[in-house]
>>> print(open('target.cif').read())   # mmCIF, C-alpha atoms, pLDDT in the B column; chains and numbers go by the auth columns
data_structure
loop_
_atom_site.group_PDB
_atom_site.id
_atom_site.type_symbol
_atom_site.label_atom_id
_atom_site.label_comp_id
_atom_site.label_asym_id
_atom_site.label_seq_id
_atom_site.Cartn_x
_atom_site.Cartn_y
_atom_site.Cartn_z
_atom_site.B_iso_or_equiv
_atom_site.auth_seq_id
_atom_site.auth_asym_id
ATOM 1 C CA MET A 1 76.435 120.510 170.961 68.00 1 I
ATOM 2 C CA ASN A 2 77.546 123.664 172.813 73.00 2 I
ATOM 3 C CA CYS A 3 77.549 126.166 170.002 76.00 3 I
ATOM 4 C CA ASP A 4 78.813 129.078 172.092 74.00 4 I
ATOM 5 C CA PHE A 5 81.829 127.134 173.337 70.00 5 I
ATOM 6 C CA THR A 6 82.556 125.816 169.871 74.00 6 I
ATOM 7 C CA HIS A 7 82.436 129.321 168.416 74.00 7 I
ATOM 8 C CA HIS A 8 84.770 130.589 171.150 70.00 8 I
ATOM 9 C CA MET A 9 87.314 127.814 170.522 72.00 9 I
ATOM 10 C CA LEU A 10 87.308 128.351 166.778 76.00 10 I
ATOM 11 C CA PHE A 11 87.612 132.137 166.669 75.00 11 I
ATOM 12 C CA GLN A 12 88.667 133.408 170.081 69.00 12 I
ATOM 13 C CA GLY A 13 90.443 130.554 171.845 57.00 13 I
ATOM 14 C CA SER A 14 93.076 130.108 169.152 54.00 14 I
ATOM 15 C CA LYS A 15 94.103 133.780 169.412 56.00 15 I
ATOM 16 C CA GLY A 16 95.355 133.344 172.931 51.00 16 I
ATOM 17 C CA LYS A 17 97.531 130.428 171.936 52.00 17 I
ATOM 18 C CA GLU A 18 99.328 132.273 169.132 54.00 18 I
ATOM 19 C CA ASN A 19 102.913 133.082 169.832 55.00 19 I
ATOM 20 C CA ARG A 20 103.176 136.816 169.381 53.00 20 I
ATOM 21 C CA ALA A 21 106.973 136.677 169.342 51.00 21 I
ATOM 22 C CA ALA A 22 106.896 134.361 166.312 59.00 22 I
ATOM 23 C CA SER A 23 104.844 136.853 164.356 65.00 23 I
ATOM 24 C CA SER A 24 106.766 139.251 162.134 78.00 24 I
ATOM 25 C CA PRO A 25 105.722 142.310 160.091 82.00 25 I
ATOM 26 C CA SER A 26 106.102 140.351 156.859 83.00 26 I
ATOM 27 C CA LYS A 27 103.827 137.565 158.136 82.00 27 I
ATOM 28 C CA GLU A 28 101.253 140.084 159.322 83.00 28 I
ATOM 29 C CA ALA A 29 101.341 141.778 155.905 84.00 29 I
ATOM 30 C CA TYR A 30 100.917 138.417 154.200 83.00 30 I
ATOM 31 C CA ARG A 31 97.926 137.519 156.418 80.00 31 I
ATOM 32 C CA ARG A 32 96.378 140.942 155.831 80.00 32 I
ATOM 33 C CA GLN A 33 96.752 140.491 152.077 80.00 33 I
ATOM 34 C CA LEU A 34 95.104 137.064 152.272 74.00 34 I
ATOM 35 C CA ARG A 35 92.181 138.505 154.221 73.00 35 I
ATOM 36 C CA GLU A 36 91.729 141.230 151.637 74.00 36 I
ATOM 37 C CA VAL A 37 91.899 138.813 148.703 69.00 37 I
ATOM 38 C CA PHE A 38 89.435 136.299 150.158 66.00 38 I
ATOM 39 C CA GLY A 39 87.139 138.941 151.612 61.00 39 I
ATOM 40 C CA MET A 40 87.748 137.967 155.236 60.00 40 I
ATOM 41 C CA ASN A 41 87.637 141.596 156.406 58.00 41 I
ATOM 42 C CA ARG A 42 83.912 141.724 155.907 57.00 42 I
ATOM 43 C CA ALA A 43 81.836 141.451 159.067 54.00 43 I
ATOM 44 C CA ARG A 44 79.080 139.554 157.291 55.00 44 I
ATOM 45 C CA ILE A 45 79.456 136.698 154.868 53.00 45 I
ATOM 46 C CA LEU A 46 75.902 136.909 153.561 58.00 46 I
ATOM 47 C CA ALA A 47 74.336 140.277 152.832 57.00 47 I
ATOM 48 C CA PHE A 48 71.130 141.264 151.073 60.00 48 I
ATOM 49 C CA LYS A 49 71.580 143.753 148.215 60.00 49 I
ATOM 50 C CA ASN A 50 69.312 145.233 145.625 63.00 50 I
ATOM 51 C CA GLN A 51 71.063 143.631 142.654 64.00 51 I
ATOM 52 C CA LEU A 52 73.891 141.281 141.920 63.00 52 I
ATOM 53 C CA PRO A 53 77.210 142.611 140.658 65.00 53 I
ATOM 54 C CA ALA A 54 77.649 142.503 136.898 68.00 54 I
ATOM 55 C CA PRO A 55 79.446 139.346 135.761 65.00 55 I
ATOM 56 C CA VAL A 56 82.836 139.676 134.166 60.00 56 I
ATOM 57 C CA GLU A 57 82.504 139.136 130.427 61.00 57 I
ATOM 58 C CA GLN A 58 84.991 136.760 128.890 57.00 58 I
ATOM 59 C CA ASP A 59 85.154 135.311 125.387 60.00 59 I
ATOM 60 C CA PHE A 60 85.705 131.637 126.228 58.00 60 I
ATOM 61 C CA TYR A 61 85.754 130.658 122.541 57.00 61 I
ATOM 62 C CA THR A 62 88.634 133.024 121.824 58.00 62 I
ATOM 63 C CA TYR A 63 90.407 131.950 124.998 56.00 63 I
ATOM 64 C CA PHE A 64 90.323 128.229 124.228 56.00 64 I
ATOM 65 C CA CYS A 65 91.162 128.681 120.550 58.00 65 I
ATOM 66 C CA GLN A 66 94.195 130.828 121.318 58.00 66 I
ATOM 67 C CA SER A 67 95.421 128.603 124.122 58.00 67 I
ATOM 68 C CA LYS A 68 95.593 125.492 121.939 61.00 68 I
ATOM 69 C CA PRO A 69 98.502 125.153 119.507 68.00 69 I
ATOM 70 C CA ALA A 70 97.503 125.526 115.900 71.00 70 I
ATOM 71 C CA LYS A 71 97.562 122.304 113.909 77.00 71 I
ATOM 72 C CA PRO A 72 99.628 122.321 110.736 82.00 72 I
ATOM 73 C CA ARG A 73 97.438 122.425 107.666 86.00 73 I
ATOM 74 C CA CYS A 74 97.806 119.773 105.000 86.00 74 I
ATOM 75 C CA TYR A 75 98.333 121.205 101.567 87.00 75 I
ATOM 76 C CA ILE A 76 96.069 119.631 98.964 87.00 76 I
ATOM 77 C CA PRO A 77 97.180 120.306 95.393 86.00 77 I
ATOM 78 C CA GLN A 78 94.486 121.504 93.031 90.00 78 I
ATOM 79 C CA SER A 79 96.021 119.994 89.898 90.00 79 I
ATOM 80 C CA PHE A 80 97.681 116.701 88.991 87.00 80 I
ATOM 81 C CA LYS A 81 101.455 116.352 89.087 84.00 81 I
ATOM 82 C CA ARG A 82 102.028 113.767 86.372 86.00 82 I
ATOM 83 C CA THR A 83 99.982 111.978 83.706 89.00 83 I
ATOM 84 C CA LEU A 84 100.845 108.434 82.635 88.00 84 I
ATOM 85 C CA ASP A 85 99.630 106.930 79.400 86.00 85 I
ATOM 86 C CA ALA A 86 97.675 103.779 80.348 86.00 86 I
ATOM 87 C CA SER A 87 95.521 103.217 77.292 85.00 87 I
ATOM 88 C CA ASP A 88 95.498 99.395 77.707 86.00 88 I
ATOM 89 C CA LEU A 89 94.307 99.459 81.327 92.00 89 I
ATOM 90 C CA ILE A 90 91.471 96.952 81.700 93.00 90 I
ATOM 91 C CA ASP A 91 88.188 98.637 82.594 91.00 91 I
ATOM 92 C CA ASP A 92 87.219 96.280 85.433 92.00 92 I
ATOM 93 C CA PHE A 93 86.933 97.626 88.996 89.00 93 I
ATOM 94 C CA TYR A 94 87.076 94.063 90.414 92.00 94 I
ATOM 95 C CA LEU A 95 90.760 93.865 89.457 96.00 95 I
ATOM 96 C CA ASN A 96 93.749 95.386 91.264 96.00 96 I
ATOM 97 C CA LEU A 97 96.054 96.553 88.499 97.00 97 I
ATOM 98 C CA LEU A 98 98.110 99.197 90.360 96.00 98 I
ATOM 99 C CA ASP A 99 100.456 98.967 93.325 97.00 99 I
ATOM 100 C CA TRP A 100 103.063 101.381 94.657 96.00 100 I
ATOM 101 C CA GLY A 101 106.111 99.782 96.275 95.00 101 I
ATOM 102 C CA CYS A 102 108.135 101.027 99.219 94.00 102 I
ATOM 103 C CA ARG A 103 110.988 102.006 96.869 94.00 103 I
ATOM 104 C CA ASN A 104 108.807 104.579 95.122 95.00 104 I
ATOM 105 C CA VAL A 105 108.158 102.391 92.081 96.00 105 I
ATOM 106 C CA LEU A 106 104.679 101.994 90.616 96.00 106 I
ATOM 107 C CA ALA A 107 103.724 98.630 89.124 97.00 107 I
ATOM 108 C CA ILE A 108 100.907 98.799 86.586 97.00 108 I
ATOM 109 C CA ALA A 109 99.329 96.020 84.529 96.00 109 I
ATOM 110 C CA LEU A 110 98.280 96.992 81.009 96.00 110 I
ATOM 111 C CA GLY A 111 96.672 94.064 79.291 94.00 111 I
ATOM 112 C CA SER A 112 99.219 91.227 79.326 95.00 112 I
ATOM 113 C CA THR A 113 102.196 93.479 80.168 96.00 113 I
ATOM 114 C CA VAL A 114 103.450 94.713 83.532 96.00 114 I
ATOM 115 C CA TYR A 115 105.331 98.027 83.552 96.00 115 I
ATOM 116 C CA MET A 116 107.424 99.677 86.255 96.00 116 I
ATOM 117 C CA TRP A 117 107.451 103.461 86.635 95.00 117 I
ATOM 118 C CA ASP A 118 110.132 104.920 88.914 95.00 118 I
ATOM 119 C CA ALA A 119 108.732 108.080 90.494 93.00 119 I
ATOM 120 C CA SER A 120 112.173 109.297 91.588 92.00 120 I
ATOM 121 C CA ASN A 121 113.491 109.783 88.063 93.00 121 I
ATOM 122 C CA GLY A 122 110.408 109.231 85.854 91.00 122 I
ATOM 123 C CA SER A 123 111.874 106.231 84.017 93.00 123 I
ATOM 124 C CA THR A 124 109.669 103.403 82.723 93.00 124 I
ATOM 125 C CA SER A 125 110.651 99.775 82.254 94.00 125 I
ATOM 126 C CA LYS A 126 108.881 96.604 81.167 94.00 126 I
ATOM 127 C CA LEU A 127 108.866 93.730 83.652 95.00 127 I
ATOM 128 C CA VAL A 128 107.047 90.910 81.839 95.00 128 I
ATOM 129 C CA ILE A 129 104.800 90.136 78.896 95.00 129 I
ATOM 130 C CA VAL A 130 102.429 87.278 79.683 95.00 130 I
ATOM 131 C CA ASP A 131 101.389 84.803 77.004 93.00 131 I
ATOM 132 C CA ASP A 132 97.926 85.222 75.556 89.00 132 I
ATOM 133 C CA ASP A 133 96.737 81.848 76.854 91.00 133 I
ATOM 134 C CA LYS A 134 97.581 82.912 80.449 92.00 134 I
ATOM 135 C CA GLY A 135 96.728 86.599 80.412 86.00 135 I
ATOM 136 C CA PRO A 136 95.691 89.205 80.799 95.00 136 I
ATOM 137 C CA VAL A 137 97.256 90.245 84.094 96.00 137 I
ATOM 138 C CA THR A 138 94.499 90.679 86.659 96.00 138 I
ATOM 139 C CA SER A 139 96.416 91.837 89.762 97.00 139 I
ATOM 140 C CA VAL A 140 99.825 93.078 90.917 97.00 140 I
ATOM 141 C CA ASN A 141 101.222 93.497 94.412 97.00 141 I
ATOM 142 C CA TRP A 142 104.635 94.424 95.791 96.00 142 I
ATOM 143 C CA MET A 143 106.356 92.396 98.464 95.00 143 I
ATOM 144 C CA PRO A 144 107.161 94.550 101.535 93.00 144 I
ATOM 145 C CA ASP A 145 110.875 94.538 100.613 92.00 145 I
ATOM 146 C CA GLY A 146 110.111 96.475 97.427 92.00 146 I
ATOM 147 C CA CYS A 147 112.196 94.127 95.245 94.00 147 I
ATOM 148 C CA HIS A 148 109.748 91.334 94.408 95.00 148 I
ATOM 149 C CA THR A 149 106.364 91.495 92.736 97.00 149 I
ATOM 150 C CA ALA A 150 103.448 89.048 92.670 97.00 150 I
ATOM 151 C CA ILE A 151 101.370 88.928 89.487 97.00 151 I
ATOM 152 C CA GLY A 152 97.924 87.342 89.309 96.00 152 I
ATOM 153 C CA LEU A 153 96.782 85.985 85.965 96.00 153 I
ATOM 154 C CA ASN A 154 93.501 85.277 84.280 94.00 154 I
ATOM 155 C CA ASN A 155 94.226 81.511 84.118 93.00 155 I
ATOM 156 C CA SER A 156 94.364 81.243 87.966 93.00 156 I
ATOM 157 C CA GLU A 157 98.180 81.214 88.163 95.00 157 I
ATOM 158 C CA VAL A 158 100.346 83.544 90.234 96.00 158 I
ATOM 159 C CA GLN A 159 103.884 84.477 89.200 96.00 159 I
ATOM 160 C CA LEU A 160 106.639 85.828 91.444 97.00 160 I
ATOM 161 C CA TRP A 161 109.181 88.174 89.879 96.00 161 I
ATOM 162 C CA ASN A 162 112.383 89.847 90.968 95.00 162 I
ATOM 163 C CA SER A 163 111.971 93.380 89.677 92.00 163 I
ATOM 164 C CA THR A 164 115.652 94.236 90.129 91.00 164 I
ATOM 165 C CA SER A 165 116.947 91.506 87.804 92.00 165 I
ATOM 166 C CA ASN A 166 113.709 91.039 85.782 92.00 166 I
ATOM 167 C CA ARG A 167 113.819 87.327 86.581 95.00 167 I
ATOM 168 C CA GLN A 168 110.887 85.037 87.287 95.00 168 I
ATOM 169 C CA LEU A 169 111.340 83.156 90.567 95.00 169 I
ATOM 170 C CA ARG A 170 108.435 80.700 90.506 95.00 170 I
ATOM 171 C CA THR A 171 104.830 80.100 89.482 95.00 171 I
ATOM 172 C CA LEU A 172 102.073 79.133 91.911 95.00 172 I
ATOM 173 C CA ARG A 173 99.754 76.760 90.080 90.00 173 I
ATOM 174 C CA VAL A 174 96.484 75.022 90.995 77.00 174 I
ATOM 175 C CA VAL A 175 95.663 77.817 93.396 82.00 175 I
ATOM 176 C CA HIS A 176 92.213 78.908 92.232 89.00 176 I
ATOM 177 C CA ARG A 177 89.555 78.081 89.654 90.00 177 I
ATOM 178 C CA GLY A 178 89.492 81.410 87.850 91.00 178 I
ATOM 179 C CA CYS A 179 91.311 84.707 87.548 94.00 179 I
ATOM 180 C CA VAL A 180 93.235 85.978 90.569 95.00 180 I
ATOM 181 C CA GLY A 181 92.049 89.540 91.090 95.00 181 I
ATOM 182 C CA SER A 182 93.386 90.226 94.591 97.00 182 I
ATOM 183 C CA LEU A 183 96.817 89.840 96.204 97.00 183 I
ATOM 184 C CA ALA A 184 98.193 90.766 99.624 97.00 184 I
ATOM 185 C CA TRP A 185 101.545 90.003 101.245 95.00 185 I
ATOM 186 C CA LYS A 186 101.880 89.086 104.910 92.00 186 I
ATOM 187 C CA ARG A 187 105.473 90.084 105.572 86.00 187 I
ATOM 188 C CA ASN A 188 107.880 88.503 103.059 88.00 188 I
ATOM 189 C CA HIS A 189 106.790 84.875 102.803 92.00 189 I
ATOM 190 C CA ILE A 190 102.976 84.557 102.987 95.00 190 I
ATOM 191 C CA LEU A 191 101.118 85.620 99.850 96.00 191 I
ATOM 192 C CA THR A 192 97.331 85.760 100.218 97.00 192 I
ATOM 193 C CA THR A 193 95.358 85.402 96.992 97.00 193 I
ATOM 194 C CA GLY A 194 91.689 86.016 96.219 95.00 194 I
ATOM 195 C CA SER A 195 89.860 84.823 93.142 95.00 195 I
ATOM 196 C CA VAL A 196 86.580 84.857 91.291 94.00 196 I
ATOM 197 C CA ASP A 197 85.878 81.425 92.805 93.00 197 I
ATOM 198 C CA GLY A 198 85.271 83.098 96.208 94.00 198 I
ATOM 199 C CA ARG A 199 88.200 81.468 97.978 95.00 199 I
ATOM 200 C CA ILE A 200 91.031 83.159 99.888 96.00 200 I
ATOM 201 C CA ILE A 201 94.280 81.174 100.053 95.00 201 I
ATOM 202 C CA ASN A 202 97.465 81.723 102.051 96.00 202 I
ATOM 203 C CA ASN A 203 100.537 80.603 100.127 96.00 203 I
ATOM 204 C CA ASP A 204 103.932 80.125 101.753 96.00 204 I
ATOM 205 C CA VAL A 205 106.317 80.937 98.909 95.00 205 I
ATOM 206 C CA ARG A 206 109.288 79.350 100.738 94.00 206 I
ATOM 207 C CA ILE A 207 108.040 75.768 100.450 94.00 207 I
ATOM 208 C CA ARG A 208 107.191 73.508 97.528 92.00 208 I
ATOM 209 C CA HIS A 209 103.572 72.796 98.518 93.00 209 I
ATOM 210 C CA HIS A 210 102.747 76.437 99.004 94.00 210 I
ATOM 211 C CA VAL A 211 99.043 76.280 100.000 94.00 211 I
ATOM 212 C CA VAL A 212 98.904 76.433 103.813 95.00 212 I
ATOM 213 C CA GLU A 213 95.420 77.816 104.514 94.00 213 I
ATOM 214 C CA THR A 214 92.164 78.171 102.581 95.00 214 I
ATOM 215 C CA TYR A 215 89.151 80.308 103.517 94.00 215 I
ATOM 216 C CA ARG A 216 85.813 79.368 101.974 92.00 216 I
ATOM 217 C CA GLY A 217 83.489 81.872 103.629 91.00 217 I
ATOM 218 C CA HIS A 218 82.624 83.882 100.502 93.00 218 I
ATOM 219 C CA SER A 219 80.152 82.942 97.793 91.00 219 I
ATOM 220 C CA GLN A 220 81.143 85.676 95.315 93.00 220 I
ATOM 221 C CA GLU A 221 84.319 87.097 93.830 94.00 221 I
ATOM 222 C CA ILE A 222 87.076 88.395 96.120 95.00 222 I
ATOM 223 C CA CYS A 223 87.745 91.918 94.859 94.00 223 I
ATOM 224 C CA GLY A 224 90.007 93.271 97.633 95.00 224 I
ATOM 225 C CA LEU A 225 92.564 91.979 100.146 95.00 225 I
ATOM 226 C CA ILE A 226 94.908 93.657 102.623 95.00 226 I
ATOM 227 C CA TRP A 227 96.800 92.598 105.751 94.00 227 I
ATOM 228 C CA SER A 228 97.081 94.701 108.873 92.00 228 I
ATOM 229 C CA TYR A 229 100.501 96.074 109.787 86.00 229 I
ATOM 230 C CA THR A 230 100.739 93.656 112.718 88.00 230 I
ATOM 231 C CA GLY A 231 100.182 90.673 110.447 86.00 231 I
#
>>> encode(input="target.cif", output="structure tokens")
Amino acid sequence: MNCDFTHHMLFQGSKGKENRAASSPSKEAYRRQLREVFGMNRARILAFKNQLPAPVEQDFYTYFCQSKPAKPRCYIPQSFKRTLDASDLIDDFYLNLLDWGCRNVLAIALGSTVYMWDASNGSTSKLVIVDDDKGPVTSVNWMPDGCHTAIGLNNSEVQLWNSTSNRQLRTLRVVHRGCVGSLAWKRNHILTTGSVDGRIINNDVRIRHHVVETYRGHSQEICGLIWSYTG
């Protein structure tokens, strides 16, 4: 509570304890520079003046914009690269008639025929022509390996094809009660199908009795399905 003694110990008492021999010209110059920078040479900390000093103007917007690295711009083409003739494409937005595989091959269903278009060389091949009593093709979806394709049909069946050898592997029957308009693969063995009957079914294509799960939460047609990358 003794303010005079406290002031003496803070500012005067410590001076007598300093070791003058330890002080060097470089240290004294450094201390003097610190006092000048922080304004410690002034006798008064607070002083009344007529007006405040003018603030230093700085363009903070320019500073922050220039300090951040510029993001690379994505080029968006203004015209199409290629046009494919798809005159028999069914005009029904509830169906999923296009799918691009991981091997840069586009599968497209035109009526009762499924075509493959290789984007690397522009070649086109025919995978399958479905019978009229089963078609038309209402959905296509690539397996993640890019070699096998699932095809949903109007008669509620689902066919699995090897696109490399153009060979049918199997047919999933008694899956739905109507056309299969949505397909989605979960890795390489679970095929999820959605139909106009409102049901979503998980099919394990490795086993004979392929239906392993059925979801009945929808009352209308399933028009889109997709699995997350984590499965």
>>> residues_around(input="target.cif", residues="Ser112 (chain I)", least_positions_apart="2", cutoff="6 Å", atoms="all atoms listed in the file", output="list of chain:residue names")
I:Ile129, I:Val130, I:Gly135, I:Pro136, I:Val137
>>> closest_residue(input="target.cif", among="I:Thr171, I:Asn2, I:Asn162, I:Thr83", to="His209 (chain I)", atoms="all atoms listed in the file")
I:Thr171
>>> closest_atom_pairs(input="target.cif", of="region 85-203 of chain I", to="region 216-221 of chain I", cutoff="7 Å", atoms="only C-alpha atoms", output="JSON lines")
{"residue": "I:Ser195", "atom": "CA", "partner": "I:Glu221", "partner_atom": "CA", "distance": 6.0}
{"residue": "I:Val196", "atom": "CA", "partner": "I:Glu221", "partner_atom": "CA", "distance": 4.1}
{"residue": "I:Asp197", "atom": "CA", "partner": "I:Glu221", "partner_atom": "CA", "distance": 6.0}
{"residue": "I:Gly198", "atom": "CA", "partner": "I:Glu221", "partner_atom": "CA", "distance": 4.7}
{"residue": "I:Arg199", "atom": "CA", "partner": "I:Arg216", "partner_atom": "CA", "distance": 5.1}
{"residue": "I:Ile200", "atom": "CA", "partner": "I:Arg216", "partner_atom": "CA", "distance": 6.8}
>>> resolve_selection(input="target.cif", expression="the PyMOL selection byres ((chain I and resi 148) around 9)", output="list of chain:residue names")
I:Asn141, I:Trp142, I:Met143, I:Pro144, I:Asp145, I:Gly146, I:Cys147, I:Thr149, I:Ala150, I:Leu160, I:Trp161, I:Asn162, I:Ser163, I:Thr164
>>> closest_residue(input="target.cif", among="I:Leu95, I:Met9, I:Ala184, I:Ile201", to="Ile226 (chain I)", atoms="all atoms listed in the file")
I:Ala184
>>> atom_distance(input="target.cif", atom1="CA of Lys81 (chain I)", atom2="CA of Phe93 (chain I)")
23.7 Å
>>> resolve_selection(input="target.cif", expression="the PyMOL selection byres ((chain I and resi 108) around 6)", output="list in words")
Leu97, Leu98, Ala107, Ala109, Val114 and Tyr115 of chain I
>>> closest_residue(input="target.cif", among="I:Val158, I:Cys3, I:Leu183, I:Val174", to="Gly224 (chain I)", atoms="all atoms listed in the file")
I:Leu183
>>> atom_distance(input="target.cif", atom1="CA of Arg173 (chain I)", atom2="CA of Thr192 (chain I)")
13.8 Å
>>> residues_around(input="target.cif", residues="Asn202 (chain I)", least_positions_apart="6", cutoff="6 Å", atoms="only C-alpha atoms", output="list of chain:residue names")
I:Leu191, I:Thr192, I:Val212, I:Glu213
>>> atom_distance(input="target.cif", atom1="CA of Tyr229 (chain I)", atom2="CA of Trp117 (chain I)")
25.3 Å
>>> resolve_selection(input="target.cif", expression="the PyMOL selection byres ((chain I and resi 157) around 8)", output="list of chain:residue names")
I:Lys134, I:Gly152, I:Leu153, I:Asn154, I:Asn155, I:Ser156, I:Val158, I:Gln159, I:Thr171, I:Leu172, I:Arg173, I:Val174, I:Val175, I:His176, I:Cys179, I:Val180
>>> write_last_selection(input="target.cif", atoms="C-alpha atoms", output="PDB file, keeping the file's coordinate frame")
ATOM      1  CA  LYS I 134      97.581  82.912  80.449  1.00 92.00           C
ATOM      2  CA  GLY I 152      97.924  87.342  89.309  1.00 96.00           C
ATOM      3  CA  LEU I 153      96.782  85.985  85.965  1.00 96.00           C
ATOM      4  CA  ASN I 154      93.501  85.277  84.280  1.00 94.00           C
ATOM      5  CA  ASN I 155      94.226  81.511  84.118  1.00 93.00           C
ATOM      6  CA  SER I 156      94.364  81.243  87.966  1.00 93.00           C
ATOM      7  CA  VAL I 158     100.346  83.544  90.234  1.00 96.00           C
ATOM      8  CA  GLN I 159     103.884  84.477  89.200  1.00 96.00           C
ATOM      9  CA  THR I 171     104.830  80.100  89.482  1.00 95.00           C
ATOM     10  CA  LEU I 172     102.073  79.133  91.911  1.00 95.00           C
ATOM     11  CA  ARG I 173      99.754  76.760  90.080  1.00 90.00           C
ATOM     12  CA  VAL I 174      96.484  75.022  90.995  1.00 77.00           C
ATOM     13  CA  VAL I 175      95.663  77.817  93.396  1.00 82.00           C
ATOM     14  CA  HIS I 176      92.213  78.908  92.232  1.00 89.00           C
ATOM     15  CA  CYS I 179      91.311  84.707  87.548  1.00 94.00           C
ATOM     16  CA  VAL I 180      93.235  85.978  90.569  1.00 95.00           C
TER      17      VAL I 180
END
>>> closest_residue(input="target.cif", among="I:Ala29, I:Ala70, I:Arg82, I:Ser165", to="Ser125 (chain I)", atoms="all atoms listed in the file")
I:Ser165
>>> build_atoms(input="target.cif", residues="region 199-211 of chain I", atoms="N, CA and C atoms", output="PDB file, keeping the file's coordinate frame")
ATOM      1  N   ARG I 199      87.295  81.996  96.962  1.00 95.00           N
ATOM      2  CA  ARG I 199      88.200  81.468  97.978  1.00 95.00           C
ATOM      3  C   ARG I 199      89.361  82.432  98.235  1.00 95.00           C
ATOM      4  N   ILE I 200      89.845  82.423  99.476  1.00 96.00           N
ATOM      5  CA  ILE I 200      91.031  83.159  99.888  1.00 96.00           C
ATOM      6  C   ILE I 200      92.058  82.132 100.355  1.00 96.00           C
ATOM      7  N   ILE I 201      93.272  82.193  99.791  1.00 95.00           N
ATOM      8  CA  ILE I 201      94.280  81.174 100.053  1.00 95.00           C
ATOM      9  C   ILE I 201      95.565  81.845 100.514  1.00 95.00           C
ATOM     10  N   ASN I 202      96.149  81.307 101.590  1.00 96.00           N
ATOM     11  CA  ASN I 202      97.465  81.723 102.051  1.00 96.00           C
ATOM     12  C   ASN I 202      98.510  80.788 101.463  1.00 96.00           C
ATOM     13  N   ASN I 203      99.482  81.367 100.781  1.00 96.00           N
ATOM     14  CA  ASN I 203     100.537  80.603 100.127  1.00 96.00           C
ATOM     15  C   ASN I 203     101.884  80.945 100.761  1.00 96.00           C
ATOM     16  N   ASP I 204     102.583  79.941 101.235  1.00 96.00           N
ATOM     17  CA  ASP I 204     103.932  80.125 101.753  1.00 96.00           C
ATOM     18  C   ASP I 204     104.907  79.926 100.597  1.00 96.00           C
ATOM     19  N   VAL I 205     105.484  81.010 100.110  1.00 95.00           N
ATOM     20  CA  VAL I 205     106.317  80.937  98.909  1.00 95.00           C
ATOM     21  C   VAL I 205     107.676  80.299  99.177  1.00 95.00           C
ATOM     22  N   ARG I 206     107.988  79.955 100.425  1.00 94.00           N
ATOM     23  CA  ARG I 206     109.288  79.350 100.738  1.00 94.00           C
ATOM     24  C   ARG I 206     109.296  77.848 100.547  1.00 94.00           C
ATOM     25  N   ILE I 207     108.109  77.225 100.498  1.00 94.00           N
ATOM     26  CA  ILE I 207     108.040  75.768 100.450  1.00 94.00           C
ATOM     27  C   ILE I 207     107.449  75.321  99.116  1.00 94.00           C
ATOM     28  N   ARG I 208     107.637  74.041  98.818  1.00 92.00           N
ATOM     29  CA  ARG I 208     107.191  73.508  97.528  1.00 92.00           C
ATOM     30  C   ARG I 208     105.670  73.447  97.459  1.00 92.00           C
ATOM     31  N   HIS I 209     105.037  72.841  98.459  1.00 93.00           N
ATOM     32  CA  HIS I 209     103.572  72.796  98.518  1.00 93.00           C
ATOM     33  C   HIS I 209     103.111  74.061  99.250  1.00 93.00           C
ATOM     34  N   HIS I 210     102.879  75.087  98.475  1.00 94.00           N
ATOM     35  CA  HIS I 210     102.747  76.437  99.004  1.00 94.00           C
ATOM     36  C   HIS I 210     101.420  76.722  99.688  1.00 94.00           C
ATOM     37  N   VAL I 211     100.354  75.998  99.399  1.00 94.00           N
ATOM     38  CA  VAL I 211      99.043  76.280 100.000  1.00 94.00           C
ATOM     39  C   VAL I 211      99.047  75.814 101.456  1.00 94.00           C
TER      40      VAL I 211
END
